[in-house]
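Before any comments, here is the structure.
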Amino acid sequence: MNKDLEQNIKAIISSFPAVGDILNEYKIGCTSCAAGTCRLKDIVEIHNLPAEEEEKLMGRIALAISPDGGLKVPKSGRKPAAAPGTLKYSPPLRRLVEEHLLIKRLLALLPRLAADLGSEEGAGLALSGLDFIRNYADKYHHAKEEEILFKYFDPDLEVIKTMLKDHAAGRGHVKGAAEALAAKDAAAAAAHLLAYRDLLSEHIKKEDEILYPWMDRNLSLNQVGELFGKFAEADSKFDPAAIARQEAFAADLEEKLADEAAAQA
Amino acid sequence: MEKKHSSHGGKHEPCGCPGAQTMDLREETAADAGPAGKAPSMLRQWPVQLHLVSPMAPYFQKADLVVAADCTAFAYGNFHAEFLKGRAAVIACPKLDDGQESYVEKLQSLIEDAKVNTLTVLTMEVPCCGGLLAMVQQAARNAKRKVPIKSIVVGIGGTIKSEEWA
């Protein structure tokens, strides 16, 4: 089984489709992943199932790959998973999760922004939304991940590469939406905004539920302290008033769109 | 190996008693692996009692600091290997020690002046021990600089009852 653990999941699912069904049962969504380049070993580790669940999952995968029972499942030496609902992040990662909350509030507004790009006011609001994404989501939040957090991990890890690809794809959608708005192409701008919403929603979910807990399990106490200090230093380079303005923008936009929705109802 | 003795100026300077003389044991701890079957001491400094330590001592600078209730080292069998190794330590009893106002000031100085990297607070499961975490949190609130605080509660039976970021 060690050889299979080293293979990328796309190749395994392609050869043994039943493996994809088994992973889906455990809510490990590799079948729908566009990349599929993570190794089976990393996928199992990163999802941190309780030991008995992992044993059962690996046993079923082993049988799906080798129905004669010829594959041996290696024992996991990891710490036990946190009980459901008890997920607690270290202070630096908690900070990133809190930033996600504000980003998710803006993402939730994108469909309504995308629906009204024909008017001057609607296009102006969308441009402000793109400004929020560029400054808060990207320069303030993603920069801490790329320039600090991810440096603590092997850059060749597929999960890190996937996160970086998501950031790059997100920037592409922001650029595309801005260009479409400048060209007064409302349909193209809407498509980019909605694609960005889908991409980043899934990206944040992966980070909150899988990546950050895995990182917390692998960071030493000393590294947690270092990260906390480096995040504070990175944040200190931003004008607090500018960050407060971004936070206020998201709240004001929520209120404005809620009022408009109520008026139309 | 010769121990490094030093004295430090400033408001936290302890008295001249040998029990309070600052000693840096970091090199000695690193070199002494100890024979098989015997657990070597992982203590990297002297003194450890919170009234006696100087926050200006070099071994506190940017250290991962353990703030342990006195009883935890006796209750938890693997205290040295798990909690002292590679860290600086101070001990106190939140129930019996006098002059606890100075503890808050000293902890604040450890956060601000020694710029400790993290604080790990070890307390016993008994309710009166929770005062130590409260003291550390008060010092952290007073400090301009922020630092991650982890709280670990040790059971009377010698097990870890809980471990979480405070």
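Convention: chains lettered A, B, ... in structure tokens order; per-chain residue numbering from 1; ligands numbered from 1 as shown.
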
Which of chain B DSSP labels alpha helix (DSSP H), written as a PyMOL selection string: chain B and resi 26-31+72-75+79+100-112+130-142

Shell around segment 129-142 of chain B at 9 Å using only C-alpha atoms, local window under 6 positions removed, as number ranges by chain: B: 67-69, 92-95, 100-101, 103-109, 111, 119, 121-123, 149, 151, 166

Identify every residue of chain A that has at least one atom within 7 Å of any atom of chain B, counting only C-alpha atoms, and report the result as a short mmCIF file (atom, residue, chain, number, x, y, z; two decimals) with N, CA and C atoms, in the first residue's frame.
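This is the output file iface_22.cif:
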```
data_model
loop_
_atom_site.label_atom_id
_atom_site.label_comp_id
_atom_site.auth_asym_id
_atom_site.auth_seq_id
_atom_site.Cartn_x
_atom_site.Cartn_y
_atom_site.Cartn_z
N SER A 90 -5.00 28.03 16.80
CA SER A 90 -3.98 28.78 17.54
C SER A 90 -4.23 30.27 17.25
N PRO A 91 -3.72 31.17 18.12
CA PRO A 91 -4.01 32.61 17.91
C PRO A 91 -3.70 33.15 16.51
N ASN A 222 6.79 27.08 19.49
CA ASN A 222 7.69 28.17 19.15
C ASN A 222 7.29 28.82 17.82
N GLY A 225 4.26 31.09 18.20
CA GLY A 225 4.64 32.39 18.74
C GLY A 225 5.28 33.28 17.68
N GLU A 226 6.15 32.68 16.88
CA GLU A 226 6.82 33.42 15.80
C GLU A 226 5.80 33.96 14.79
#
```

Considering only C-alpha atoms, tabulate each residue of segment 81-187 of chain A that lies at most 10 Å from segment 227-236 of chain A along with its nearest interatomic pair and the corresponding distance in Å to one decimal; arrange the rows by chain and ascending residue number and present them as a Markdown table.
```
| residue | atom | partner | partner_atom | distance |
| --- | --- | --- | --- | --- |
| A:Ser90 | CA | A:Phe228 | CA | 9.1 |
| A:Pro91 | CA | A:Phe228 | CA | 6.9 |
| A:Pro92 | CA | A:Phe228 | CA | 4.9 |
| A:Leu93 | CA | A:Phe228 | CA | 8.5 |
| A:Arg95 | CA | A:Phe231 | CA | 8.9 |
| A:Leu96 | CA | A:Phe231 | CA | 9.5 |
| A:Tyr140 | CA | A:Asp235 | CA | 7.5 |
| A:His141 | CA | A:Asp235 | CA | 9.3 |
| A:Ala143 | CA | A:Ala234 | CA | 9.0 |
| A:Lys144 | CA | A:Phe231 | CA | 6.7 |
| A:Glu145 | CA | A:Phe231 | CA | 9.4 |
| A:Glu147 | CA | A:Ala234 | CA | 9.6 |
| A:Ile148 | CA | A:Lys230 | CA | 7.3 |
| A:Leu149 | CA | A:Leu227 | CA | 7.0 |
| A:Tyr152 | CA | A:Leu227 | CA | 9.1 |
```

With N, CA and C atoms retained, could you export that selection as a tab-separated table (two decimals), in the first residue's frame?
```tsv
chain	number	residue	atom	x	y	z
A	90	SER	N	-5.00	28.03	16.80
A	90	SER	CA	-3.98	28.78	17.54
A	90	SER	C	-4.23	30.27	17.25
A	91	PRO	N	-3.72	31.17	18.12
A	91	PRO	CA	-4.01	32.61	17.91
A	91	PRO	C	-3.70	33.15	16.51
A	92	PRO	N	-2.55	32.82	15.90
A	92	PRO	CA	-2.34	33.40	14.55
A	92	PRO	C	-3.32	32.87	13.52
A	93	LEU	N	-3.64	31.58	13.58
A	93	LEU	CA	-4.57	31.05	12.59
A	93	LEU	C	-6.00	31.50	12.89
A	95	ARG	N	-6.70	34.38	13.87
A	95	ARG	CA	-6.74	35.72	13.26
A	95	ARG	C	-7.13	35.62	11.78
A	96	LEU	N	-6.54	34.66	11.08
A	96	LEU	CA	-6.87	34.50	9.65
A	96	LEU	C	-8.32	34.05	9.48
A	140	TYR	N	-3.99	42.37	2.28
A	140	TYR	CA	-3.94	42.29	3.74
A	140	TYR	C	-3.95	40.83	4.21
A	141	HIS	N	-4.87	40.03	3.64
A	141	HIS	CA	-5.06	38.66	4.14
A	141	HIS	C	-4.19	37.64	3.39
A	143	ALA	N	-1.69	37.99	1.54
A	143	ALA	CA	-0.25	38.28	1.64
A	143	ALA	C	0.34	37.65	2.91
A	144	LYS	N	-0.43	37.65	4.00
A	144	LYS	CA	0.08	37.04	5.24
A	144	LYS	C	0.27	35.53	5.04
A	145	GLU	N	-0.64	34.94	4.28
A	145	GLU	CA	-0.51	33.49	4.02
A	145	GLU	C	0.72	33.24	3.14
A	147	GLU	N	3.34	35.21	2.22
A	147	GLU	CA	4.67	35.68	2.60
A	147	GLU	C	5.13	35.17	3.97
A	148	ILE	N	4.18	34.70	4.78
A	148	ILE	CA	4.57	34.25	6.13
A	148	ILE	C	4.15	32.79	6.38
A	149	LEU	N	2.86	32.56	6.45
A	149	LEU	CA	2.37	31.24	6.90
A	149	LEU	C	2.87	30.09	6.03
A	152	TYR	N	6.30	28.25	6.30
A	152	TYR	CA	6.60	27.27	7.35
A	152	TYR	C	6.40	25.84	6.85
```

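If you look at atom CA of Glu27 of chain B and atom CA of Arg44 of chain B, they are 7.9 Å away from each other.
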
Neighbour list for segment 109-112 of chain A as a PyMOL selection string, cut-off 7 Å, only C-alpha atoms, skip fewer than 5 positions in-chain: chain A and resi 193-194+197+254

Next, dump the selected residues to file, keeping only C-alpha atoms, as a short mmCIF file (atom, residue, chain, number, x, y, z; two decimals), in the first residue's frame.
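Final file, again.cif:
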```
data_model
loop_
_atom_site.label_atom_id
_atom_site.label_comp_id
_atom_site.auth_asym_id
_atom_site.auth_seq_id
_atom_site.Cartn_x
_atom_site.Cartn_y
_atom_site.Cartn_z
CA LEU A 193 -17.66 38.10 -9.93
CA LEU A 194 -19.68 34.90 -9.55
CA ARG A 197 -17.40 34.03 -5.24
CA GLU A 254 -24.75 44.67 3.41
#
```

Segment 116-133 of chain A surroundings by only C-alpha atoms, 9 Å radius, close-in-sequence under 4 positions cut, as a list of chain:residue names: A:Ile103, A:Leu106, A:Leu110, A:Arg112, A:Ala137, A:Asp138, A:Lys139, A:Val174, A:Lys175, A:Ala177, A:Ala178, A:Leu181, A:Lys184, A:Asp185, A:Ala186, A:Ala187, A:Ala189, A:Ala190, A:Leu193, A:Gln246, A:Glu247, A:Phe249, A:Ala250, A:Leu253

Neighbour list for Asp113 of chain B as a count of residues only, cut-off 8 Å, only C-alpha atoms, skip fewer than 3 positions in-chain: 4

Distance in Å - atom CA of Pro50 of chain A versus atom CA of Lys10 of chain A: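 Atom CA of Pro50 of chain A sits 24.2 Å away from atom CA of Lys10 of chain A.
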